[in-house]
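**Student:** What follows is a single structure, and I will ask about it in a moment.
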Amino acid sequence: MSTLSEHGIGGIFQRYPIITRILKNILIFIVTMLILSVVVFVIARLAPGDPLVAFYGDAIETMSDAELDAARHRLGLDGSIALQYVRWFGGILAGDFGLSLQYKIPAMDVISPLIGNTLILGVTAYLVVFAIAVVVAVFCARYEDTWFDRAICKIGTATYFIPSFWLGLVLILIFSINLGWFPSSGAYDFGMQNNLLNRLEHMVLPLIVMIASHVWYYAYMIRNKFTDENRKDYVLLAKAKGLSKNVILWKHSLRNVAPTIVNLMAISIPHVLSGTVIAEAVFNYPGIGNMAVAAAKYHDYNLLMLLVLITGAMVILSSIVAYMINEVIDPRMKDSGGSVWEK
């Protein structure tokens, strides 16, 4: 007679270990999101300030104690923090992300028009940063310890330590005010949201700030990995066979460095997101990063929680996807049989 381990659920897991890994990652994703929501919820509630001020403004000064209690009950701000969280979480399960205390409309309606702007800016900067970083790293490794490599290292280090907000202000002064080449704020001109060229014009200066702030950090780490690979036996053997440096770098070393690049791309998402927040603030770019700052400032709890959940999900999912891609690039990682968080 066949056993359950052979034909039942246990047998399925043994026969298809990828299902086990997927289920583990899904479970870890859910647990991590729950922990993140609890931590941010508690910290937001313990922060000084009254969220009713964001909703009622100066009118709160004329409200009686009974009216204030009724307002807190209506907005879900009464009771213990644990009770408030349970009510908020119950609403999330029902698809209700709550009312924005500042804008007095559903929080999702506030964020929806801004997500696209942030994704366009963030994804573009993300891809450009790593495209440039890989090319720069390869050339620095190709010409290691030459004047070219040393010059790039010094220029890149100096650029990395320039404050993003200062660089943004300088770019606005030169290219927007003095030269008038690019707009200094916004994601597009009025009524031009579907005009790709107009959007690109508004993205040029924020992209320069984000690229200058991030590219060398990752280029330097990738460069160091390439230089380590150049000293390994298989590279020496390839050189002995007469292969050129370019062939060795692009066809052999790059494959072994690829897992490092993928890992860097995964862990860089919070870094790039923080750069998006700065760029949106300096250039008054309408996105979720700028909105997150405003939500924290005005104690807009529901809006802040939704923003945290969105950005947190992006970071966690990127780490999981990066691990899965690394398994394809380097099958040896499958031997561990775990999730991305078990490394």
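By convention in this document, the chains of the structure tokens carry letters A, B, ... by their order, each chain's residues are numbered from 1, and ligands are numbered from 1 in the order they are shown.
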Kindly assemble as a tab-separated table a list of the stretch 253-293 of chain A residues that lie within 9 Å of stretch 117-131 of chain A, each paired with its nearest atom pair and their distance in Å to one decimal, using only C-alpha atoms, sorted first by chain and then by ascending residue number.

**Tutor:**
```
residue	atom	partner	partner_atom	distance
A:Ile261	CA	A:Phe130	CA	8.5
A:Met265	CA	A:Phe130	CA	7.6
A:Ser268	CA	A:Tyr126	CA	8.6
A:Ile269	CA	A:Tyr126	CA	8.0
A:Val272	CA	A:Tyr126	CA	6.8
A:Leu273	CA	A:Gly122	CA	7.0
A:Gly275	CA	A:Gly122	CA	8.7
A:Thr276	CA	A:Gly122	CA	6.3
A:Glu280	CA	A:Thr118	CA	8.6
A:Tyr285	CA	A:Asn117	CA	8.2
A:Pro286	CA	A:Asn117	CA	6.8
A:Gly287	CA	A:Thr118	CA	4.9
A:Ile288	CA	A:Thr118	CA	6.3
A:Gly289	CA	A:Thr118	CA	7.5
```

**Student:** I want to know what sits within 12 Å of A:Ile162, based on only C-alpha atoms, with residues of the same chain fewer than 2 positions away left out; could you give that as a VMD selection string?

**Tutor:** chain A and resid 155 to 160 164 to 170 209 to 214 216

**Student:** For A:Phe29, please output as a list in words all residues within 10 Å (counting only C-alpha atoms; exclusion window: fewer than 3 positions along the same chain).

**Tutor:**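 Once the nearby chain positions are removed, what remains is Leu23, Lys24, Asn25, Ile26, Thr32, Met33, Leu34, Gly312, Ala313, Ile316, Leu317, Ile320 and Trp341 of chain A.
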
**Student:** Could you pull out the residues in stretch 24-228 of chain A that DSSP calls helix (DSSP H, G or I) from the backbone, as a PyMOL selection string?

**Tutor:** chain A and resi 24-46+51-62+65-74+81-93+107-142+147-160+164-178+196-228

**Student:** For the residues selected in the previous step, produce a file with C-alpha atoms as a compact mmCIF listing (two decimals), in the first residue's frame.

**Tutor:**
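Result written to again.txt:
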```
# COMPACT_ATOMS: atom_id res chain seq x y z
CA LYS A 24 8.24 29.14 2.71
CA ASN A 25 8.84 32.45 0.96
CA ILE A 26 5.12 33.23 0.90
CA LEU A 27 4.83 32.48 4.62
CA ILE A 28 7.89 34.58 5.44
CA PHE A 29 6.53 37.42 3.30
CA ILE A 30 3.22 37.40 5.18
CA VAL A 31 4.86 37.21 8.62
CA THR A 32 7.34 39.98 7.78
CA MET A 33 4.57 42.25 6.51
CA LEU A 34 2.58 41.62 9.70
CA ILE A 35 5.57 42.48 11.89
CA LEU A 36 6.28 45.59 9.82
CA SER A 37 2.68 46.76 10.10
CA VAL A 38 2.62 46.25 13.89
CA VAL A 39 5.91 48.09 14.44
CA VAL A 40 4.99 51.07 12.27
CA PHE A 41 1.45 51.21 13.68
CA VAL A 42 2.70 51.34 17.26
CA ILE A 43 5.45 53.88 16.54
CA ALA A 44 3.02 56.13 14.66
CA ARG A 45 0.49 56.01 17.49
CA LEU A 46 3.15 56.77 20.13
CA PRO A 51 -4.11 63.43 14.38
CA LEU A 52 -7.44 65.20 14.86
CA VAL A 53 -5.66 68.44 14.04
CA ALA A 54 -4.93 67.09 10.55
CA PHE A 55 -8.61 66.27 10.06
CA TYR A 56 -10.36 69.24 11.69
CA GLY A 57 -7.65 71.92 11.65
CA ASP A 58 -8.24 74.95 13.86
CA ALA A 59 -11.87 73.91 14.43
CA ILE A 60 -10.64 71.42 17.02
CA GLU A 61 -10.05 74.30 19.46
CA THR A 62 -13.79 75.02 19.63
CA ASP A 65 -14.72 67.01 25.12
CA ALA A 66 -17.77 65.02 24.05
CA GLU A 67 -17.33 66.12 20.46
CA LEU A 68 -13.64 65.21 20.56
CA ASP A 69 -14.45 61.74 21.93
CA ALA A 70 -17.07 61.22 19.23
CA ALA A 71 -14.60 62.34 16.56
CA ARG A 72 -11.94 59.93 17.79
CA HIS A 73 -14.45 57.08 17.81
CA ARG A 74 -15.61 57.92 14.27
CA ILE A 81 -3.37 50.73 20.53
CA ALA A 82 -4.02 47.01 20.28
CA LEU A 83 -7.73 47.58 19.71
CA GLN A 84 -7.01 50.26 17.12
CA TYR A 85 -4.69 47.87 15.28
CA VAL A 86 -7.26 45.06 15.29
CA ARG A 87 -9.87 47.41 13.82
CA TRP A 88 -7.43 48.72 11.23
CA PHE A 89 -6.29 45.22 10.26
CA GLY A 90 -9.89 44.05 9.97
CA GLY A 91 -10.51 46.88 7.54
CA ILE A 92 -7.44 45.88 5.51
CA LEU A 93 -8.75 42.32 5.18
CA ALA A 107 -6.24 56.66 1.48
CA MET A 108 -5.99 54.53 -1.66
CA ASP A 109 -7.59 57.30 -3.71
CA VAL A 110 -4.88 59.69 -2.51
CA ILE A 111 -2.03 57.36 -3.42
CA SER A 112 -3.31 55.89 -6.68
CA PRO A 113 -2.48 58.91 -8.90
CA LEU A 114 1.01 59.15 -7.38
CA ILE A 115 2.18 55.53 -7.63
CA GLY A 116 2.71 55.78 -11.38
CA ASN A 117 4.87 58.92 -11.03
CA THR A 118 7.11 57.30 -8.44
CA LEU A 119 7.40 54.06 -10.40
CA ILE A 120 8.38 55.91 -13.57
CA LEU A 121 11.07 57.92 -11.78
CA GLY A 122 12.26 55.15 -9.46
CA VAL A 123 12.39 52.31 -12.00
CA THR A 124 14.11 54.50 -14.60
CA ALA A 125 16.74 55.64 -12.10
CA TYR A 126 17.16 52.07 -10.83
CA LEU A 127 17.82 50.62 -14.28
CA VAL A 128 20.09 53.45 -15.40
CA VAL A 129 22.11 53.32 -12.17
CA PHE A 130 22.91 49.62 -12.53
CA ALA A 131 23.48 49.79 -16.27
CA ILE A 132 26.08 52.51 -15.73
CA ALA A 133 27.47 50.79 -12.62
CA VAL A 134 28.14 47.52 -14.45
CA VAL A 135 29.77 49.24 -17.45
CA VAL A 136 31.95 51.44 -15.23
CA ALA A 137 32.90 48.46 -13.06
CA VAL A 138 33.93 46.38 -16.09
CA PHE A 139 36.07 49.17 -17.52
CA CYS A 140 37.71 49.84 -14.15
CA ALA A 141 38.47 46.12 -13.79
CA ARG A 142 39.71 46.02 -17.39
CA TRP A 147 45.32 56.22 -14.53
CA PHE A 148 41.80 55.59 -15.87
CA ASP A 149 40.83 53.36 -12.95
CA ARG A 150 42.33 55.72 -10.37
CA ALA A 151 40.66 58.77 -11.93
CA ILE A 152 37.23 57.09 -12.02
CA CYS A 153 37.63 55.97 -8.41
CA LYS A 154 38.43 59.49 -7.23
CA ILE A 155 35.71 61.17 -9.30
CA GLY A 156 33.14 58.58 -8.27
CA THR A 157 33.99 58.88 -4.57
CA ALA A 158 33.76 62.68 -4.70
CA THR A 159 30.43 62.51 -6.52
CA TYR A 160 28.99 60.00 -4.06
CA SER A 164 21.71 65.08 -2.87
CA PHE A 165 19.63 68.07 -1.82
CA TRP A 166 22.53 70.47 -2.45
CA LEU A 167 23.19 68.98 -5.89
CA GLY A 168 19.48 69.28 -6.70
CA LEU A 169 19.41 72.96 -5.76
CA VAL A 170 22.52 73.65 -7.85
CA LEU A 171 20.98 71.92 -10.87
CA ILE A 172 17.79 73.95 -10.47
CA LEU A 173 19.79 77.18 -10.26
CA ILE A 174 21.86 76.41 -13.36
CA PHE A 175 19.57 74.49 -15.71
CA SER A 176 16.14 75.78 -14.67
CA ILE A 177 16.60 79.37 -13.55
CA ASN A 178 19.69 80.55 -15.45
CA LEU A 196 6.12 61.16 -22.81
CA LEU A 197 8.52 63.90 -23.93
CA ASN A 198 7.11 66.33 -21.38
CA ARG A 199 7.52 63.75 -18.62
CA LEU A 200 11.12 63.10 -19.69
CA GLU A 201 11.92 66.81 -19.50
CA HIS A 202 10.68 66.90 -15.90
CA MET A 203 12.65 63.75 -15.02
CA VAL A 204 16.08 64.86 -16.28
CA LEU A 205 17.21 66.79 -13.20
CA PRO A 206 15.79 64.35 -10.60
CA LEU A 207 17.42 61.48 -12.50
CA ILE A 208 20.80 63.23 -12.50
CA VAL A 209 20.57 63.65 -8.72
CA MET A 210 19.57 60.04 -8.12
CA ILE A 211 22.19 58.62 -10.49
CA ALA A 212 25.01 60.76 -9.09
CA SER A 213 24.02 59.76 -5.53
CA HIS A 214 23.94 56.03 -6.13
CA VAL A 215 25.90 54.87 -9.16
CA TRP A 216 29.42 54.89 -7.76
CA TYR A 217 28.45 53.07 -4.56
CA TYR A 218 27.36 50.03 -6.56
CA ALA A 219 29.93 50.44 -9.32
CA TYR A 220 32.72 50.29 -6.74
CA MET A 221 31.41 47.08 -5.14
CA ILE A 222 30.94 45.43 -8.54
CA ARG A 223 34.41 46.60 -9.58
CA ASN A 224 35.95 44.98 -6.49
CA LYS A 225 34.16 41.73 -7.22
CA PHE A 226 35.48 41.79 -10.79
CA THR A 227 39.02 42.41 -9.61
CA ASP A 228 38.73 39.46 -7.20
```

**Student:** Mind giving me the straight-line distance from atom CA of A:Thr20 to atom CA of A:Val262 in Å, one decimal?

**Tutor:**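 Computing it gives 22.7 Å between the two atoms.
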
**Student:** Identify, on the basis of only C-alpha atoms, every residue whose closest approach to A:Asn284 does not exceed 7 Å; exclude the query and any residue fewer than 3 positions from it along the same chain; express the result as JSON, numbers by chain.

**Tutor:** {"A": [185, 186, 280, 281]}

**Student:** What separation in Å, quoted to one decimal, exists between atom CA of A:His252 and atom CA of A:Asp233?

**Tutor:** 12.1 Å

**Student:** Hey, can you check how far atom CA of A:Leu307 sits from atom CA of A:Ala292?

**Tutor:** 6.5 Å

**Student:** With only C-alpha atoms as the atoms that count, which of A:Ser244, A:Ser318, A:Ser100, A:Ser253 lies nearest to A:Asn230?

**Tutor:**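 Nearest candidate to A:Asn230 out of A:Ser244, A:Ser318, A:Ser100, A:Ser253: A:Ser253.
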